[in-house]
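J.: So here's model22.csv, just CSV, C-alpha atoms:
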```
chain,number,residue,atom,x,y,z
K,1,MET,CA,-5.7,-21.3,6.3
K,2,ARG,CA,-6.7,-21.5,2.7
K,3,ILE,CA,-5.9,-18.5,0.5
K,4,VAL,CA,-6.5,-18.2,-3.3
K,5,SER,CA,-5.8,-15.1,-5.3
K,6,TYR,CA,-6.9,-13.9,-8.7
K,7,LEU,CA,-5.0,-11.6,-11.0
K,8,PRO,CA,-6.6,-10.1,-14.1
K,9,ASP,CA,-5.1,-11.1,-17.4
K,10,SER,CA,-3.9,-7.7,-18.8
K,11,ILE,CA,-0.3,-6.8,-17.9
K,12,LEU,CA,1.0,-3.2,-17.8
K,13,SER,CA,4.8,-3.4,-18.0
K,14,ASN,CA,7.4,-0.8,-17.0
K,15,GLU,CA,8.4,-0.7,-20.7
K,16,GLU,CA,4.9,0.4,-21.6
K,17,LEU,CA,4.8,3.0,-18.9
K,18,SER,CA,8.2,4.3,-20.0
K,19,GLU,CA,6.9,4.7,-23.5
K,20,LEU,CA,4.1,6.9,-22.2
K,21,PHE,CA,6.4,8.7,-19.6
K,22,PRO,CA,9.9,8.7,-21.2
K,23,GLU,CA,11.4,10.5,-18.2
K,24,TRP,CA,11.0,7.3,-16.2
K,25,THR,CA,13.0,4.4,-17.4
K,26,PRO,CA,11.8,0.8,-16.8
K,27,LYS,CA,14.9,0.3,-14.6
K,28,LYS,CA,14.3,3.3,-12.5
K,29,ILE,CA,10.7,2.3,-11.8
K,30,GLU,CA,11.8,-1.2,-10.8
K,31,LYS,CA,14.7,0.0,-8.7
K,32,LYS,CA,12.6,2.5,-6.6
K,33,LEU,CA,9.2,0.9,-6.5
K,34,GLY,CA,10.1,-2.8,-6.8
K,35,VAL,CA,7.5,-3.2,-9.5
K,36,ARG,CA,8.2,-4.7,-12.9
K,37,GLU,CA,4.6,-5.2,-14.1
K,38,ARG,CA,1.1,-4.9,-12.7
K,39,ARG,CA,-2.2,-6.5,-13.6
K,40,ILE,CA,-5.0,-4.3,-14.8
K,41,SER,CA,-8.7,-5.4,-14.8
K,42,ALA,CA,-10.5,-5.4,-18.1
K,43,PRO,CA,-12.8,-2.4,-18.8
K,44,ASP,CA,-15.9,-4.4,-18.0
K,45,GLU,CA,-14.3,-6.4,-15.2
K,46,THR,CA,-15.2,-5.1,-11.7
K,47,ALA,CA,-13.8,-5.9,-8.3
K,48,LEU,CA,-16.9,-8.0,-7.7
K,49,ASP,CA,-16.2,-10.0,-10.9
K,50,MET,CA,-12.7,-10.6,-9.7
K,51,ALA,CA,-13.9,-11.6,-6.2
K,52,VAL,CA,-16.2,-14.2,-7.9
K,53,LYS,CA,-13.1,-15.6,-9.8
K,54,ALA,CA,-11.0,-15.8,-6.6
K,55,CYS,CA,-13.7,-17.5,-4.7
K,56,GLU,CA,-14.5,-20.0,-7.5
K,57,LYS,CA,-10.8,-21.0,-7.4
K,58,LEU,CA,-11.0,-21.5,-3.7
K,59,PHE,CA,-14.1,-23.6,-4.1
K,60,GLU,CA,-12.2,-26.0,-6.3
K,61,SER,CA,-10.8,-27.4,-3.0
K,62,ILE,CA,-13.4,-26.6,-0.4
K,63,ASP,CA,-17.2,-27.1,-0.2
K,64,ARG,CA,-18.9,-23.8,-0.7
K,65,ASN,CA,-21.8,-24.9,1.4
K,66,ILE,CA,-19.8,-24.6,4.6
K,67,ILE,CA,-19.5,-20.8,4.2
K,68,ASP,CA,-21.7,-19.0,6.7
K,69,PHE,CA,-20.4,-15.4,6.5
K,70,ILE,CA,-18.9,-13.3,3.8
K,71,LEU,CA,-16.7,-10.3,4.6
K,72,LEU,CA,-15.9,-8.3,1.4
K,73,CYS,CA,-13.3,-5.5,1.5
K,74,THR,CA,-13.4,-3.2,-1.4
K,75,GLN,CA,-13.2,0.5,-2.3
K,76,SER,CA,-14.4,-0.2,-5.8
K,77,PRO,CA,-18.0,-1.5,-5.3
K,78,ASP,CA,-20.3,-2.2,-8.3
K,79,PHE,CA,-22.9,0.1,-6.8
K,80,PHE,CA,-23.5,2.5,-3.9
K,81,LEU,CA,-26.2,0.0,-3.0
K,82,PRO,CA,-26.8,-2.9,-2.9
K,83,THR,CA,-23.9,-4.3,-0.9
K,84,SER,CA,-21.5,-6.2,-3.2
K,85,ALA,CA,-21.2,-9.0,-0.7
K,86,CYS,CA,-24.9,-9.8,-1.2
K,87,ILE,CA,-24.4,-10.0,-5.0
K,88,LEU,CA,-21.4,-12.2,-4.3
K,89,GLN,CA,-23.5,-14.6,-2.3
K,90,ASP,CA,-25.8,-14.9,-5.2
K,91,ARG,CA,-23.2,-15.2,-7.9
K,92,LEU,CA,-21.3,-17.9,-5.9
K,93,GLY,CA,-24.5,-19.8,-5.2
K,94,LEU,CA,-24.0,-19.8,-1.5
K,95,ARG,CA,-26.6,-20.6,1.0
K,96,THR,CA,-29.1,-17.8,1.9
K,97,GLU,CA,-28.8,-18.6,5.7
K,98,ILE,CA,-25.6,-16.7,5.9
K,99,GLY,CA,-24.3,-13.2,6.8
K,100,ALA,CA,-22.6,-10.9,4.3
K,101,LEU,CA,-21.3,-7.4,4.4
K,102,ASP,CA,-18.9,-5.1,2.6
K,103,TYR,CA,-16.4,-2.9,4.4
K,104,ASN,CA,-14.6,0.0,3.0
K,105,LEU,CA,-10.9,-0.1,3.8
K,106,GLY,CA,-7.7,0.0,1.7
K,107,CYS,CA,-4.3,-1.2,2.6
K,108,SER,CA,-5.2,-2.1,6.2
K,109,GLY,CA,-8.2,-4.1,4.9
K,110,TYR,CA,-6.9,-7.7,5.2
K,111,VAL,CA,-5.8,-7.3,8.9
K,112,TYR,CA,-9.1,-5.7,9.8
K,113,GLY,CA,-10.9,-8.5,8.0
K,114,LEU,CA,-9.0,-11.0,10.1
K,115,SER,CA,-10.0,-9.1,13.3
K,116,LEU,CA,-13.7,-9.1,12.2
K,117,ALA,CA,-13.5,-12.8,11.3
K,118,LYS,CA,-12.0,-13.6,14.7
K,119,GLY,CA,-14.8,-11.7,16.4
K,120,LEU,CA,-17.5,-13.6,14.4
K,121,LEU,CA,-15.9,-17.0,15.1
K,122,SER,CA,-15.2,-16.2,18.8
K,123,ALA,CA,-18.8,-15.2,19.4
K,124,SER,CA,-20.1,-18.3,17.5
K,125,ILE,CA,-21.9,-16.1,15.1
K,126,ALA,CA,-20.1,-18.0,12.3
K,127,GLU,CA,-18.0,-21.1,11.8
K,128,ASN,CA,-16.5,-20.6,8.3
K,129,VAL,CA,-15.9,-17.0,7.3
K,130,LEU,CA,-15.1,-16.2,3.6
K,131,LEU,CA,-12.8,-13.2,3.8
K,132,VAL,CA,-12.6,-11.6,0.3
K,133,VAL,CA,-10.5,-8.5,-0.6
K,134,SER,CA,-10.8,-7.2,-4.2
K,135,GLU,CA,-9.6,-3.9,-5.6
K,136,THR,CA,-9.4,-2.2,-8.9
K,137,TYR,CA,-7.6,1.1,-8.2
K,138,SER,CA,-6.6,1.2,-11.9
K,139,LYS,CA,-10.2,2.4,-12.6
K,140,HIS,CA,-9.7,5.3,-10.2
K,141,ILE,CA,-6.4,6.5,-11.6
K,142,HIS,CA,-5.9,9.3,-14.2
K,143,ASN,CA,-4.2,8.0,-17.3
K,144,GLN,CA,-1.6,10.8,-17.0
K,145,ASP,CA,-0.8,9.9,-13.4
K,146,LYS,CA,2.5,8.1,-13.9
K,147,GLY,CA,3.2,7.7,-10.2
K,148,ASN,CA,0.0,5.9,-9.2
K,149,ARG,CA,-0.1,4.0,-12.5
K,150,SER,CA,3.4,2.7,-11.7
K,151,ILE,CA,2.6,1.7,-8.1
K,152,PHE,CA,-0.9,0.2,-8.2
K,153,GLY,CA,-2.2,-3.1,-9.7
K,154,ASP,CA,-5.5,-4.8,-9.5
K,155,ALA,CA,-6.1,-8.1,-7.7
K,156,ALA,CA,-8.6,-10.1,-5.6
K,157,SER,CA,-8.0,-12.7,-2.9
K,158,ALA,CA,-10.2,-15.1,-1.0
K,159,THR,CA,-9.4,-16.6,2.4
K,160,LEU,CA,-11.3,-19.3,4.3
K,161,ILE,CA,-11.1,-18.7,8.1
K,162,SER,CA,-12.7,-21.5,10.0
K,163,LYS,CA,-13.4,-21.9,13.7
K,164,ASP,CA,-10.5,-24.4,14.2
K,165,MET,CA,-8.2,-21.5,13.3
K,166,LEU,CA,-9.2,-19.4,16.2
K,167,PRO,CA,-6.3,-20.3,18.4
K,168,LYS,CA,-3.9,-19.4,15.6
K,169,ILE,CA,-5.1,-15.8,15.1
K,170,HIS,CA,-3.5,-13.9,18.0
K,171,GLU,CA,-3.9,-10.4,19.4
K,172,PHE,CA,-4.4,-7.3,17.3
K,173,ALA,CA,-3.1,-3.8,17.4
K,174,LEU,CA,-5.3,-1.5,15.4
K,175,GLY,CA,-5.1,2.2,14.6
K,176,THR,CA,-7.0,5.0,13.0
K,177,ASP,CA,-6.0,8.6,12.4
K,178,GLY,CA,-8.6,10.4,10.3
K,179,ARG,CA,-6.5,13.6,10.2
K,180,GLY,CA,-5.0,12.2,7.1
K,181,TRP,CA,-8.3,11.6,5.3
K,182,ASN,CA,-7.5,13.9,2.4
K,183,ASN,CA,-4.0,12.6,1.6
K,184,LEU,CA,-5.4,9.6,-0.2
K,185,ILE,CA,-8.8,10.3,-1.6
K,186,ILE,CA,-11.1,10.2,-4.6
K,187,PRO,CA,-12.9,13.5,-3.9
K,188,ASN,CA,-15.9,13.3,-6.3
K,189,GLY,CA,-18.8,10.9,-6.9
K,190,ALA,CA,-20.2,10.2,-3.4
K,191,MET,CA,-22.4,12.4,-1.3
K,192,ARG,CA,-19.9,15.2,-0.2
K,193,ASN,CA,-19.2,16.1,-3.8
K,194,ARG,CA,-21.9,14.3,-5.7
K,195,HIS,CA,-21.3,15.3,-9.2
K,196,ARG,CA,-18.4,14.1,-11.1
K,197,GLN,CA,-16.9,17.0,-12.9
K,198,GLN,CA,-16.3,15.3,-16.3
K,199,ALA,CA,-12.6,15.1,-16.0
K,200,ILE,CA,-11.4,18.7,-15.4
K,201,ASP,CA,-7.7,18.6,-14.8
K,202,TRP,CA,-6.0,21.1,-12.6
K,203,ILE,CA,-2.5,21.6,-11.1
K,204,ASP,CA,-2.2,22.0,-7.4
K,205,GLU,CA,0.2,24.3,-5.4
K,206,ASN,CA,2.8,21.5,-5.5
K,207,GLY,CA,2.7,21.2,-9.3
K,208,VAL,CA,0.8,17.9,-9.1
K,209,LEU,CA,-1.8,17.1,-11.9
K,210,ARG,CA,-5.1,16.6,-10.1
K,211,ASN,CA,-8.6,15.6,-11.2
K,212,ASP,CA,-11.1,15.3,-8.5
K,213,ASP,CA,-12.9,12.4,-10.1
K,214,MET,CA,-9.7,10.4,-9.8
K,215,LEU,CA,-7.5,9.0,-7.1
K,216,TYR,CA,-5.2,11.5,-5.4
K,217,MET,CA,-2.3,10.4,-3.2
K,218,ASN,CA,0.0,12.8,-1.4
K,219,GLY,CA,3.0,10.4,-1.4
K,220,PRO,CA,5.3,12.3,1.0
K,221,GLU,CA,2.5,12.7,3.5
K,222,ILE,CA,1.7,9.0,3.3
K,223,PHE,CA,5.3,8.1,3.8
K,224,ASN,CA,5.6,10.5,6.8
K,225,PHE,CA,2.5,8.9,8.3
K,226,THR,CA,4.0,5.3,7.9
K,227,ILE,CA,7.3,6.4,9.4
K,228,LYS,CA,5.5,7.7,12.5
K,229,ALA,CA,2.8,5.0,12.8
K,230,VAL,CA,4.3,1.7,11.8
K,231,PRO,CA,7.2,1.4,14.3
K,232,VAL,CA,4.7,2.1,17.1
K,233,LEU,CA,2.1,-0.3,15.7
K,234,ILE,CA,4.7,-3.1,15.5
K,235,LYS,CA,5.9,-2.4,19.1
K,236,GLN,CA,2.2,-2.6,20.3
K,237,VAL,CA,1.4,-5.8,18.5
K,238,LEU,CA,4.5,-7.5,19.9
K,239,GLN,CA,3.7,-6.3,23.4
K,240,LYS,CA,0.1,-7.4,23.1
K,241,ASN,CA,1.3,-10.9,22.2
K,242,ASN,CA,4.1,-10.9,24.8
K,243,VAL,CA,6.7,-11.7,22.2
K,244,ASN,CA,9.9,-10.1,20.7
K,245,MET,CA,10.7,-9.7,17.1
K,246,ASP,CA,13.1,-12.7,17.6
K,247,ASP,CA,10.2,-14.9,18.3
K,248,ILE,CA,8.6,-14.0,14.9
K,249,ASP,CA,9.5,-16.3,12.0
K,250,TYR,CA,8.4,-14.1,9.2
K,251,VAL,CA,7.1,-10.6,8.7
K,252,ILE,CA,4.7,-9.5,6.0
K,253,PHE,CA,3.9,-5.8,5.6
K,254,HIS,CA,1.4,-4.4,3.2
K,255,GLN,CA,3.4,-4.1,-0.1
K,256,ALA,CA,3.2,-0.3,-0.5
K,257,ASN,CA,6.4,0.1,-2.5
K,258,GLN,CA,9.9,-1.3,-2.2
K,259,TYR,CA,11.7,1.8,-1.2
K,260,MET,CA,9.2,2.6,1.6
K,261,LEU,CA,9.3,-1.1,2.8
K,262,GLN,CA,13.1,-1.2,2.9
K,263,TYR,CA,13.1,1.9,5.1
K,264,LEU,CA,10.3,0.7,7.4
K,265,ARG,CA,12.2,-2.6,7.8
K,266,GLU,CA,15.3,-0.7,9.0
K,267,LEU,CA,13.2,1.4,11.3
K,268,VAL,CA,11.4,-1.5,12.9
K,269,GLY,CA,14.5,-3.6,13.0
K,270,VAL,CA,13.6,-6.8,11.1
K,271,ASN,CA,16.3,-9.0,9.4
K,272,GLU,CA,16.1,-8.9,5.7
K,273,ASP,CA,15.9,-12.7,5.5
K,274,LYS,CA,12.5,-12.8,7.3
K,275,PHE,CA,11.0,-9.7,5.7
K,276,PHE,CA,8.8,-10.1,2.6
K,277,ILE,CA,9.4,-7.7,-0.3
K,278,ASP,CA,8.0,-9.1,-3.5
K,279,MET,CA,5.7,-7.0,-5.6
K,280,ALA,CA,7.5,-7.2,-8.9
K,281,GLU,CA,4.7,-8.9,-10.8
K,282,THR,CA,1.7,-7.4,-9.0
K,283,GLY,CA,2.5,-3.9,-7.8
K,284,ASN,CA,0.6,-2.5,-4.8
K,285,THR,CA,-2.7,-4.3,-4.9
K,286,VAL,CA,-4.1,-2.4,-1.8
K,287,SER,CA,-6.0,-4.8,0.5
K,288,ALA,CA,-4.8,-7.8,-1.5
K,289,THR,CA,-1.0,-7.5,-1.0
K,290,ILE,CA,-0.9,-9.4,2.3
K,291,PRO,CA,-3.0,-12.4,1.3
K,292,ILE,CA,-1.1,-12.6,-2.0
K,293,ALA,CA,2.1,-12.6,0.0
K,294,LEU,CA,0.9,-15.3,2.4
K,295,GLU,CA,-0.3,-17.5,-0.5
K,296,LYS,CA,3.1,-17.1,-2.2
K,297,CYS,CA,5.1,-17.8,1.0
K,298,LEU,CA,2.9,-20.9,1.8
K,299,SER,CA,3.4,-22.3,-1.6
K,300,ASP,CA,7.1,-21.8,-1.9
K,301,GLY,CA,7.9,-22.9,1.7
K,302,ARG,CA,9.1,-19.6,3.0
K,303,ILE,CA,6.5,-20.1,5.7
K,304,LYS,CA,5.4,-23.4,7.0
K,305,SER,CA,3.1,-25.0,9.6
K,306,GLY,CA,3.8,-23.7,13.1
K,307,ASP,CA,5.5,-20.5,12.0
K,308,LYS,CA,4.5,-17.3,13.7
K,309,VAL,CA,3.9,-14.6,11.1
K,310,LEU,CA,3.5,-10.9,11.8
K,311,LEU,CA,1.1,-9.1,9.4
K,312,ALA,CA,0.8,-5.3,9.2
K,313,GLY,CA,-1.3,-3.1,6.9
K,314,PHE,CA,-1.4,0.7,6.7
K,315,GLY,CA,-2.7,3.4,4.4
K,316,VAL,CA,-5.8,5.2,3.3
K,317,GLY,CA,-7.9,6.7,6.1
K,318,TYR,CA,-5.4,6.7,7.7
K,319,SER,CA,-6.2,3.2,8.9
K,320,TYR,CA,-3.6,0.7,10.2
K,321,GLY,CA,-3.5,-2.6,12.0
K,322,ALA,CA,-1.2,-5.5,12.8
K,323,THR,CA,-1.6,-9.0,14.1
K,324,ILE,CA,0.4,-12.3,14.6
K,325,ILE,CA,-0.9,-15.6,13.2
K,326,THR,CA,0.4,-19.1,13.6
K,327,ILE,CA,0.4,-21.0,10.3
L,1,MET,CA,27.3,15.1,8.2
L,2,THR,CA,29.2,18.0,6.6
L,3,ILE,CA,27.6,20.2,3.9
L,4,ASN,CA,30.1,18.7,1.4
L,5,GLU,CA,29.1,15.1,2.3
L,6,PHE,CA,25.5,16.1,2.0
L,7,LEU,CA,26.1,17.5,-1.5
L,8,ILE,CA,27.6,14.2,-2.6
L,9,GLN,CA,24.9,12.0,-1.0
L,10,LEU,CA,22.1,14.2,-2.3
L,11,ALA,CA,23.4,13.9,-5.9
L,12,ASN,CA,23.5,10.1,-5.5
L,13,LEU,CA,20.1,10.0,-3.9
L,14,ILE,CA,18.4,11.8,-6.7
L,15,GLU,CA,20.7,10.2,-9.3
L,16,ILE,CA,22.1,13.4,-10.7
L,17,GLU,CA,25.5,13.1,-12.4
L,18,ASP,CA,26.4,16.8,-12.0
L,19,GLU,CA,28.2,18.0,-9.0
L,20,LEU,CA,25.8,19.9,-6.8
L,21,SER,CA,26.6,23.2,-5.2
L,22,LEU,CA,24.6,25.3,-2.7
L,23,ASP,CA,23.2,27.3,-5.7
L,24,SER,CA,22.1,24.4,-7.8
L,25,ASN,CA,18.4,24.6,-8.4
L,26,LEU,CA,17.0,21.1,-7.9
L,27,LYS,CA,13.9,22.0,-9.8
L,28,ASP,CA,16.0,22.4,-12.9
L,29,TYR,CA,16.6,18.6,-12.8
L,30,GLU,CA,14.0,16.3,-14.3
L,31,GLU,CA,15.3,13.7,-11.8
L,32,PHE,CA,14.0,15.7,-8.9
L,33,ASP,CA,10.6,14.1,-9.2
L,34,SER,CA,8.1,12.3,-6.9
L,35,MET,CA,10.4,9.3,-6.6
L,36,ALA,CA,13.3,11.5,-5.6
L,37,ILE,CA,11.2,13.3,-3.0
L,38,MET,CA,10.2,9.9,-1.6
L,39,SER,CA,13.9,9.0,-1.3
L,40,LEU,CA,14.5,12.4,0.3
L,41,VAL,CA,11.9,11.8,3.0
L,42,ALA,CA,13.7,8.7,4.1
L,43,PHE,CA,17.1,10.2,3.8
L,44,VAL,CA,16.3,13.3,5.9
L,45,HIS,CA,14.5,11.2,8.5
L,46,LYS,CA,17.4,8.7,8.8
L,47,ASN,CA,20.2,11.2,8.9
L,48,PHE,CA,18.6,14.2,10.7
L,49,GLY,CA,15.6,12.7,12.5
L,50,LYS,CA,13.3,15.2,10.8
L,51,GLN,CA,10.1,15.0,8.8
L,52,PHE,CA,8.7,17.7,6.5
L,53,ASN,CA,5.3,17.9,4.9
L,54,ALA,CA,4.7,17.8,1.2
L,55,ARG,CA,4.2,21.6,1.0
L,56,GLN,CA,7.6,22.2,2.6
L,57,LEU,CA,9.3,19.7,0.4
L,58,ASN,CA,7.8,21.1,-2.7
L,59,GLN,CA,9.0,24.6,-1.8
L,60,VAL,CA,12.6,23.5,-2.0
L,61,ASP,CA,14.4,24.8,-5.0
L,62,THR,CA,18.1,25.4,-4.4
L,63,VAL,CA,20.2,23.0,-2.4
L,64,GLU,CA,20.7,25.9,0.0
L,65,SER,CA,16.9,26.1,0.6
L,66,LEU,CA,16.9,22.4,1.4
L,67,ILE,CA,19.8,22.9,3.9
L,68,GLU,CA,17.9,25.8,5.5
L,69,LEU,CA,14.8,23.6,5.8
L,70,ILE,CA,16.7,20.9,7.5
L,71,GLY,CA,18.5,23.5,9.7
L,72,ARG,CA,22.1,24.5,9.4
L,73,GLU,CA,22.7,23.5,13.0
L,74,SER,CA,22.1,19.9,11.9
L,75,PHE,CA,25.3,19.9,9.8
L,76,THR,CA,28.9,19.5,11.1
L,77,GLU,CA,31.7,21.8,10.1
```
Have the structure of the file written as C-alpha cells, please.
T.:
Amino acid sequence: MRIVSYLPDSILSNEELSELFPEWTPKKIEKKLGVRERRISAPDETALDMAVKACEKLFESIDRNIIDFILLCTQSPDFFLPTSACILQDRLGLRTEIGALDYNLGCSGYVYGLSLAKGLLSASIAENVLLVVSETYSKHIHNQDKGNRSIFGDAASATLISKDMLPKIHEFALGTDGRGWNNLIIPNGAMRNRHRQQAIDWIDENGVLRNDDMLYMNGPEIFNFTIKAVPVLIKQVLQKNNVNMDDIDYVIFHQANQYMLQYLRELVGVNEDKFFIDMAETGNTVSATIPIALEKCLSDGRIKSGDKVLLAGFGVGYSYGATIITI
Amino acid sequence: MTINEFLIQLANLIEIEDELSLDSNLKDYEEFDSMAIMSLVAFVHKNFGKQFNARQLNQVDTVESLIELIGRESFTE
C-alpha cells in the first residue's frame, strides 16, 4: 500500500487561536482536543489543488500510467459540476481510458473508499485504483467559530490500491443513520436552500453562534452518536473477520478529537499501546485522518509488513464504517 | 457515587477552582463551555450509563438541575 499525504503550508497555532479567543488557553485546547496546530489551505487553494499535490508526490515513486480508476472523496468540490475527479484526471495527465468519480463523505470517507476500491478490483473493473481524499473544512467554518476552528485542519492524501492487495483488504462493517443529517451540516448553497444568505449570524436556542452558509456541528450529538455506534461497529467488524481484538496489531480510528478518542478506546477496550492518537500537528482532517495516520505509522515502524490493522471512520451523515487490512 | 463526590468530580471535570454546591450556577462559569460539555457527555455515560441530547445539556444551569437530569436515584447516600 502506497500512501502519500499533502498538508497546506499555512499553520494555525493554538497561540493564534488563543489571541482571538482568550477564554481558551493554548494548553486547554491541546489537552482536550489533542491539537497543537492545524494546516489551513491558502485562499485560492482548493481541495482539488491539494489532491493534485498529493498525487504528484505519489507519482514520484510510481508510474502514473498504471492508474485505471480514480476515486475522489471530498465535501469541498471546485464546482457542483463537473466532477472534480474528471478535472483531476486531466491535471494529473492520466490516461483517458480510465474511470473517475467523486463521492461525498466526510470522516467515514477513507474506509468507504477502500470498500469501493475492493469492489472494483474484485470485479476486475480496475487493477490500480487511485484513492484520493481531500478536504478543506476551513473554508466552510465561520471565523468566530472557535470550536470548529480549533478542531479541523485541511489535508489531502492519495493511496494506490492495486489488485495484488486484494487478499489484504478484509471484510467490512458499514453503517448509515441519516437521522443525524442535521447535526453536522452546511445548510445553504445547494438545492434545498439555494441562496447563500450573505453571512447572517444568528444565535440558536442553545446559545450557539450559527450562520447557515457555514459549517454547523452539534458536538454533543455527534459524541452521543459515536458512543452508541462505534462499539457496535467494532464488534461487527471483528465478527465478520472471525477475529478478536487480541488478534489485531494496531487500531486506527478517525482522529475526531483526543478526548473523544480516549473515551471510545476505553469503551471498545483497546490497549493504549496499540491505539493511534496523534493529531497534534494536523487536527481533524476529516476523510484524511486515517491515511495520514497509516502513512505516519508505516514510516515510523509502528506498523510493519504482516500486521493486521483495524480502521474505523465515523461522522457526518451519519456515516460509519470499519475494516481490517493486512499491511 | 454520592452527591458530594459528584460535586468534587464535576469541578475537576470542568476545571473550576471554586467548590461547587447544589446551588452553583454552571452558566456563571466561563469554563462551562463546549469542551466542558463534551467532557460531561463522557463522564455521565461512564458513571451513570446515560446519554442526553444537546438541548437537555444546554438547559442545565445549577448543579442541582444537572443532578435532576441524571436522576437522583442514580446517586448513593
J.: Please compute the CA of Ser76 (chain K)-CA of Leu160 (chain K) distance, one decimal, in Å.
T.: 21.8 Å
J.: Considering only C-alpha atoms, can you say which of L:Ile3, L:Lys50, L:Ile16, L:Gln59 comes closest to Tyr29 (chain L)?
T.: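 Between L:Ile3, L:Lys50, L:Ile16, L:Gln59, the residue approaching Tyr29 (chain L) most closely is L:Ile16.
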J.: Distance cut-off 7 Å, counting all atoms listed in the file - which residues of chain K neighbour chain L? Return them as an NGL selection string.
T.: :K and (206 or 220-221 or 224 or 263)
J.: Which of these residues is nearest to Gln89 (chain K), using only C-alpha atoms: K:Ser287, K:Asn65, K:Thr176, K:Gln262?
T.: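 Under the stated criterion, the closest residue is K:Asn65.
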J.: What is the CA of Leu20 (chain K)-CA of Gly147 (chain K) distance in Å, reported with one decimal?
T.: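 These two atoms are separated by 12.1 Å.
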